[in-house]
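**Q** So here's input.cif (mmCIF, C-alpha atoms).
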data_run
#
loop_
_atom_site.label_atom_id
_atom_site.label_comp_id
_atom_site.auth_asym_id
_atom_site.auth_seq_id
_atom_site.Cartn_x
_atom_site.Cartn_y
_atom_site.Cartn_z
CA MET A 209 67.25 89.69 94.73
CA LYS A 210 65.90 86.47 96.32
CA LYS A 211 68.97 84.57 95.04
CA ILE A 212 71.32 87.19 96.55
CA LEU A 213 69.59 87.04 99.95
CA ALA A 214 69.64 83.24 99.95
CA CYS A 215 73.35 83.17 99.13
CA ALA A 216 74.21 85.66 101.89
CA LEU A 217 72.19 83.69 104.44
CA GLY A 218 73.88 80.44 103.38
CA ILE A 219 77.36 81.91 103.89
CA PHE A 220 76.33 83.24 107.32
CA LEU A 221 74.98 79.85 108.45
CA LEU A 222 78.08 78.00 107.22
CA GLY A 223 80.25 80.39 109.28
CA ILE A 224 78.34 79.47 112.43
CA GLN A 225 78.26 75.71 111.67
CA PHE A 226 82.01 75.33 111.25
CA ALA A 227 83.15 77.63 114.10
CA PRO A 228 84.88 75.59 116.88
CA ALA A 229 82.63 75.12 119.90
CA ASN A 230 85.23 76.40 122.37
CA GLU A 231 86.01 79.61 120.50
CA THR A 232 84.18 82.86 119.81
CA THR A 233 83.08 84.24 116.49
CA ASN A 234 82.80 87.88 115.49
CA TYR A 235 80.26 87.98 112.69
CA THR A 236 78.31 90.62 110.85
CA LEU A 237 75.67 89.84 108.23
CA GLU A 238 75.08 92.81 105.99
CA VAL A 239 72.33 92.45 103.41
CA GLY A 240 71.34 95.55 101.53
CA ILE A 241 69.78 96.82 98.36
CA PRO A 242 72.09 98.81 96.06
CA GLY A 243 71.83 102.45 97.05
CA GLY A 244 70.33 101.58 100.44
CA GLY A 245 71.79 101.62 103.95
CA LYS A 246 73.51 98.86 105.97
CA LYS A 247 73.53 98.06 109.67
CA ALA A 248 76.93 99.17 110.96
CA PHE A 249 76.52 99.04 114.75
CA THR A 250 77.18 95.32 115.35
CA ALA A 251 80.46 94.90 117.21
CA SER A 252 79.05 94.52 120.72
CA GLU A 253 76.93 91.61 119.51
CA THR A 254 80.13 89.55 119.57
CA SER A 255 79.78 86.85 122.22
CA PRO A 256 80.94 83.31 122.95
CA LEU A 257 78.95 80.81 120.90
CA THR A 258 78.25 78.71 123.98
CA GLY A 259 77.67 81.66 126.33
CA GLY A 260 80.81 80.69 128.27
CA ALA A 261 84.40 81.89 128.43
CA PHE A 262 85.68 84.68 126.19
CA ASP A 263 89.16 84.10 124.74
CA ARG A 264 90.19 85.84 121.54
CA THR A 265 93.31 87.37 120.02
CA PHE A 266 93.30 90.62 118.04
CA GLU A 267 96.11 92.05 115.92
CA TRP A 268 96.87 95.45 114.40
CA GLN A 269 100.03 96.04 112.36
CA GLY A 270 102.19 93.58 114.33
CA ILE A 271 100.80 94.31 117.81
CA ARG A 272 98.58 91.62 119.32
CA PHE A 273 96.15 91.55 122.23
CA ARG A 274 94.80 88.33 123.69
CA VAL A 275 91.63 89.05 125.70
CA SER A 276 90.26 86.41 128.07
CA SER A 277 87.65 86.08 130.80
CA ALA A 278 86.08 82.99 132.35
CA ASN A 279 82.66 84.73 132.30
CA GLU A 280 81.51 82.74 135.33
CA GLY A 281 79.10 84.49 137.68
CA SER A 282 78.59 88.23 138.13
CA LEU A 283 82.23 89.07 138.92
CA ASN A 284 85.10 87.99 136.70
CA THR A 285 88.78 88.52 136.06
CA LEU A 286 89.69 90.14 132.75
CA ARG A 287 93.15 89.44 131.35
CA ILE A 288 94.73 91.30 128.44
CA PHE A 289 98.03 89.90 127.15
CA PRO A 290 99.81 92.31 124.78
CA ALA A 291 102.59 91.24 122.41
CA GLY A 292 104.79 93.16 120.01
CA LEU A 293 105.22 96.32 122.10
CA GLU A 294 108.78 97.65 122.11
CA ILE A 295 109.21 98.16 125.89
CA ASP A 296 106.53 96.63 128.11
CA ASN A 297 104.36 93.60 127.29
CA SER A 298 103.21 92.98 130.86
CA PRO A 299 99.68 91.51 131.07
CA ILE A 300 96.77 93.56 132.36
CA VAL A 301 94.75 91.76 135.05
CA ARG A 302 91.69 93.37 136.62
CA GLU A 303 88.37 92.44 138.17
CA ILE A 304 85.25 93.34 136.21
CA ASP A 305 81.61 93.59 137.25
CA GLY A 306 79.96 91.39 134.65
CA THR A 307 81.04 89.35 131.65
CA VAL A 308 83.01 90.19 128.52
CA THR A 309 80.59 90.34 125.60
CA GLY A 310 82.89 91.70 122.90
CA ALA A 311 86.21 93.32 122.06
CA GLU A 312 87.79 95.21 119.16
CA VAL A 313 91.16 96.59 118.14
CA ALA A 314 91.33 99.96 116.38
CA ASP A 315 93.34 103.13 115.85
CA LEU A 316 90.74 105.84 116.45
CA ASN A 317 93.20 108.73 116.58
CA ALA A 318 95.14 107.46 113.54
CA ASP A 319 98.55 107.76 115.22
CA GLY A 320 99.80 104.34 114.08
CA SER A 321 99.47 102.81 117.57
CA PRO A 322 96.43 100.61 118.19
CA GLU A 323 93.94 100.54 121.05
CA ILE A 324 92.10 97.54 122.49
CA TYR A 325 88.45 98.02 123.50
CA VAL A 326 86.78 95.40 125.71
CA TYR A 327 83.02 95.53 126.27
CA VAL A 328 81.60 94.33 129.60
CA THR A 329 77.94 93.72 130.47
CA SER A 330 76.78 93.51 134.07
CA ALA A 331 74.40 90.86 135.43
CA GLY A 332 70.78 91.70 136.09
CA SER A 333 67.86 93.03 134.10
CA GLY A 334 69.54 96.38 133.45
CA SER A 335 72.45 94.83 131.53
CA TYR A 336 74.56 97.91 132.18
CA GLY A 337 77.59 98.15 129.94
CA SER A 338 81.09 99.33 130.74
CA LEU A 339 84.35 99.68 128.86
CA VAL A 340 87.90 98.54 129.59
CA ALA A 341 90.33 100.01 127.06
CA TYR A 342 94.05 100.62 126.59
CA SER A 343 96.18 102.42 124.03
CA ALA A 344 99.63 101.35 122.85
CA ASN A 345 101.63 104.55 123.35
CA ARG A 346 103.90 104.94 120.34
CA ARG A 347 103.85 101.13 120.15
CA LYS A 348 105.94 100.94 123.34
CA SER A 349 103.63 100.29 126.33
CA LEU A 350 99.96 100.46 127.36
CA SER A 351 98.09 103.37 128.93
CA GLU A 352 94.50 103.21 130.10
CA ILE A 353 91.67 104.90 128.21
CA TYR A 354 89.04 106.59 130.38
CA LEU A 355 85.37 106.67 129.39
CA PRO A 356 83.36 109.13 131.54
CA PRO A 357 80.10 107.72 132.95
CA VAL A 358 77.00 108.51 130.91
CA THR A 359 75.46 110.11 133.99
CA GLU A 360 78.06 112.90 133.92
CA ASN A 361 76.33 114.26 130.81
CA LYS A 362 72.83 115.32 131.89
CA ALA A 363 71.41 115.76 128.40
CA ALA A 364 72.85 112.51 127.03
CA SER A 365 71.80 110.43 130.04
CA GLU A 366 68.15 111.51 130.22
CA GLY A 367 66.07 108.32 130.09
CA TYR A 368 69.11 106.06 130.43
CA ARG A 369 68.60 102.69 132.18
CA GLY A 370 71.34 100.49 130.75
CA HIS A 371 71.11 97.94 127.92
CA ASP A 372 74.28 99.45 126.45
CA GLN A 373 76.00 98.51 123.21
CA PHE A 374 79.47 99.61 122.09
CA ALA A 375 81.16 99.50 118.70
CA VAL A 376 84.11 101.02 116.88
CA LEU A 377 82.72 103.17 114.09
CA GLU A 378 84.55 105.31 111.56
CA GLY A 379 87.09 107.25 113.64
CA VAL A 380 84.93 107.20 116.79
CA LEU A 381 83.69 104.86 119.50
CA GLY A 382 79.92 104.46 119.42
CA HIS A 383 77.80 103.86 122.52
CA ARG A 384 74.07 103.37 122.10
CA PHE A 385 71.18 102.48 124.37
CA PRO A 386 67.36 102.61 124.47
CA VAL A 387 65.73 105.70 125.96
CA TYR A 388 63.06 105.26 128.63
CA ARG A 389 60.21 107.58 129.38
CA PRO A 390 59.31 108.01 133.08
CA THR A 391 56.39 105.55 132.95
CA ASP A 392 58.18 102.86 130.92
CA ILE A 393 58.83 99.45 132.45
CA ASN A 394 62.31 97.95 132.09
CA ALA A 395 61.37 95.57 129.30
CA LYS A 396 59.57 98.14 127.13
CA PRO A 397 61.41 101.41 126.44
CA THR A 398 59.40 103.76 124.21
CA GLY A 399 61.74 106.72 123.80
CA GLY A 400 63.69 105.44 120.80
CA MET A 401 67.47 105.04 120.77
CA ARG A 402 70.33 107.38 121.61
CA GLN A 403 73.89 107.06 120.31
CA ILE A 404 76.88 108.85 121.78
CA GLN A 405 80.01 109.12 119.65
CA TYR A 406 83.39 109.63 121.31
CA LYS A 407 86.70 110.91 119.97
CA LEU A 408 89.95 109.66 121.53
CA ILE A 409 92.06 112.52 122.90
CA PRO A 410 95.19 112.67 125.12
CA GLY A 411 94.68 113.29 128.84
CA GLU A 412 97.02 114.16 131.70
CA ALA A 413 97.93 110.58 132.61
CA GLY A 414 96.46 108.58 129.76
CA TRP A 415 93.73 108.89 127.18
CA ILE A 416 90.14 110.13 127.33
CA LEU A 417 87.07 109.38 125.22
CA LYS A 418 85.41 112.76 124.77
CA VAL A 419 81.83 113.18 123.59
CA ASP A 420 81.86 114.32 119.96
CA ARG A 421 78.24 113.91 118.98
CA VAL A 422 74.90 112.70 120.38
CA VAL A 423 72.30 111.31 117.97
CA ALA A 424 68.71 110.30 118.71
CA TYR A 425 66.60 108.12 116.45
#
Turn the structure described in the file into structure tokens.

**A**
Amino acid sequence: MKKILACALGIFLLGIQFAPANETTNYTLEVGIPGGGKKAFTASETSPLTGGAFDRTFEWQGIRFRVSSANEGSLNTLRIFPAGLEIDNSPIVREIDGTVTGAEVADLNADGSPEIYVYVTSAGSGSYGSLVAYSANRRKSLSEIYLPPVTENKAASEGYRGHDQFAVLEGVLGHRFPVYRPTDINAKPTGGMRQIQYKLIPGEAGWILKVDRVVAY
């Protein structure tokens, strides 16, 4: 077992050492014992190696998304450049409150058209997270995906004070955060963790992430 752990750690360190300094790296180290569990909620740990600009390209079955942000200061401009769509490949440009800390491409509703999920973290001690996401409608053009605020769900938001993480899980989008009790200080939550899982469903003018399950642990 010691030899297996040492080998896995060596591969992980080599991946960091040889990554270009001006690019970002999406890495997950999974070390487990046969029959045991693995950490799966890691996508929002993706971040620029130098803590600077985010600029990465994602691809899903011939459709590409380049996601970029300067990540300078508390307000930034997010740019998403699609390619491979049949009708409209116009870039998406919008202001965000915070910095881009990760992004993923997926097909949560399994319709053969991918979605791009961009994770944003605000400045300040709360490190509140938000989501910018778009779906490629029938591989032709992009429509926005709406994620309702956590505070709209009273039960799910009890004890919520930010420190959000997002990740694409199996068929759902996961959103987890620490739970605070009323007397907790910001740096020391004691209420455990809560994870909200969302299914992607069609809405009137786009797509909606609807709460499918709430798990506490």

**Q** Counting all atoms listed in the file, which of A:Arg384, A:Leu377, A:Pro322, A:Gly367 gets nearest to Gly399 in chain A?

**A**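 Of A:Arg384, A:Leu377, A:Pro322, A:Gly367, the one nearest Gly399 in chain A is A:Gly367, counting all atoms listed in the file.
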
**Q** Going by the chain IDs and residue numbers used in this file, which residues fall under the PyMOL selection byres ((chain A and resi 317-320) around 9)? Write them as a PyMOL selection string.

**A** chain A and resi 269+314-316+321-322+346-347+379-380+407-409

**Q** Using all atoms listed in the file, pick whichever of A:Gly306, A:Gly332, A:Pro299, A:Pro290 has the shortest atom-to-atom distance to Ser277 in chain A.

**A**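 Checking each candidate against Ser277 in chain A, we get A:Gly306 as the closest.
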
**Q** Give me the residues near range 323-325 of chain A as a PyMOL selection string, where near means some atom within 7 Å (using all atoms listed in the file) and where sequence neighbours in that chain fewer than 4 positions away do not count.

**A** chain A and resi 311-315+339-344

**Q** Could you tell me, as a PDB file with C-alpha atoms, in the coordinates of the input, exactly which residues end up selected when the PyMOL selection byres ((chain A and resi 349) around 8) is applied to this structure?

**A**
ATOM      1  CA  LEU A 293     105.220  96.320 122.100  1.00  0.00           C
ATOM      2  CA  GLU A 294     108.780  97.650 122.110  1.00  0.00           C
ATOM      3  CA  ILE A 295     109.210  98.160 125.890  1.00  0.00           C
ATOM      4  CA  ASP A 296     106.530  96.630 128.110  1.00  0.00           C
ATOM      5  CA  ASN A 297     104.360  93.600 127.290  1.00  0.00           C
ATOM      6  CA  ALA A 344      99.630 101.350 122.850  1.00  0.00           C
ATOM      7  CA  ASN A 345     101.630 104.550 123.350  1.00  0.00           C
ATOM      8  CA  ARG A 346     103.900 104.940 120.340  1.00  0.00           C
ATOM      9  CA  ARG A 347     103.850 101.130 120.150  1.00  0.00           C
ATOM     10  CA  LYS A 348     105.940 100.940 123.340  1.00  0.00           C
ATOM     11  CA  LEU A 350      99.960 100.460 127.360  1.00  0.00           C
ATOM     12  CA  SER A 351      98.090 103.370 128.930  1.00  0.00           C
TER      13      SER A 351
END

**Q** Give me the residues within 6 Å of range 282-285 of chain A as a PDB file with C-alpha atoms, in the frame of the given file, counting all atoms listed in the file and dropping any in the same chain fewer than 5 places off.

**A**
ATOM      1  CA  SER A 277      87.650  86.080 130.800  1.00  0.00           C
ATOM      2  CA  ARG A 302      91.690  93.370 136.620  1.00  0.00           C
ATOM      3  CA  GLU A 303      88.370  92.440 138.170  1.00  0.00           C
ATOM      4  CA  ILE A 304      85.250  93.340 136.210  1.00  0.00           C
ATOM      5  CA  ASP A 305      81.610  93.590 137.250  1.00  0.00           C
ATOM      6  CA  GLY A 306      79.960  91.390 134.650  1.00  0.00           C
ATOM      7  CA  ALA A 331      74.400  90.860 135.430  1.00  0.00           C
TER       8      ALA A 331
END

**Q** Rounded to one decimal place, report the CA of Glu366 in chain A-CA of Leu381 in chain A distance in Å.

**A**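 CA of Leu381 in chain A lies 20.0 Å from CA of Glu366 in chain A.
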
**Q** Could you add the missing atoms to range 319-339 of chain A, up to N, CA and C atoms, and return them as a compact mmCIF listing (two decimals), in the frame of the given file?

**A**
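Printed below is part.txt as written:
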# COMPACT_ATOMS: atom_id res chain seq x y z
N ASP A 319 97.15 107.43 114.93
CA ASP A 319 98.55 107.76 115.22
C ASP A 319 99.49 106.59 114.96
N GLY A 320 98.97 105.50 114.39
CA GLY A 320 99.80 104.34 114.08
C GLY A 320 100.00 103.39 115.24
N SER A 321 99.39 103.69 116.40
CA SER A 321 99.47 102.81 117.57
C SER A 321 98.05 102.37 117.93
N PRO A 322 97.80 101.08 118.01
CA PRO A 322 96.43 100.61 118.19
C PRO A 322 95.92 100.74 119.62
N GLU A 323 94.61 100.62 119.75
CA GLU A 323 93.94 100.54 121.05
C GLU A 323 93.15 99.22 121.09
N ILE A 324 92.95 98.71 122.30
CA ILE A 324 92.10 97.54 122.49
C ILE A 324 90.89 97.98 123.32
N TYR A 325 89.71 97.67 122.83
CA TYR A 325 88.45 98.02 123.50
C TYR A 325 87.74 96.74 123.90
N VAL A 326 87.45 96.60 125.19
CA VAL A 326 86.78 95.40 125.71
C VAL A 326 85.44 95.83 126.30
N TYR A 327 84.37 95.18 125.87
CA TYR A 327 83.02 95.53 126.27
C TYR A 327 82.53 94.56 127.35
N VAL A 328 82.04 95.12 128.44
CA VAL A 328 81.60 94.33 129.60
C VAL A 328 80.13 94.62 129.87
N THR A 329 79.35 93.56 130.15
CA THR A 329 77.94 93.72 130.47
C THR A 329 77.68 93.14 131.85
N SER A 330 77.04 93.94 132.71
CA SER A 330 76.78 93.51 134.07
C SER A 330 75.61 92.53 134.12
N ALA A 331 75.53 91.78 135.23
CA ALA A 331 74.40 90.86 135.43
C ALA A 331 73.17 91.66 135.82
N GLY A 332 72.01 91.03 135.69
CA GLY A 332 70.78 91.70 136.09
C GLY A 332 69.99 92.21 134.91
N SER A 333 68.77 92.63 135.17
CA SER A 333 67.86 93.03 134.10
C SER A 333 68.30 94.31 133.40
N GLY A 334 69.10 95.14 134.06
CA GLY A 334 69.54 96.38 133.45
C GLY A 334 70.61 96.19 132.39
N SER A 335 71.37 95.12 132.50
CA SER A 335 72.45 94.83 131.53
C SER A 335 73.30 96.07 131.25
N TYR A 336 73.76 96.70 132.34
CA TYR A 336 74.56 97.91 132.18
C TYR A 336 75.92 97.57 131.56
N GLY A 337 76.33 98.38 130.62
CA GLY A 337 77.59 98.15 129.94
C GLY A 337 78.70 99.03 130.47
N SER A 338 79.92 98.54 130.38
CA SER A 338 81.09 99.33 130.74
C SER A 338 82.21 98.99 129.77
N LEU A 339 83.25 99.81 129.81
CA LEU A 339 84.35 99.68 128.86
C LEU A 339 85.68 99.56 129.59
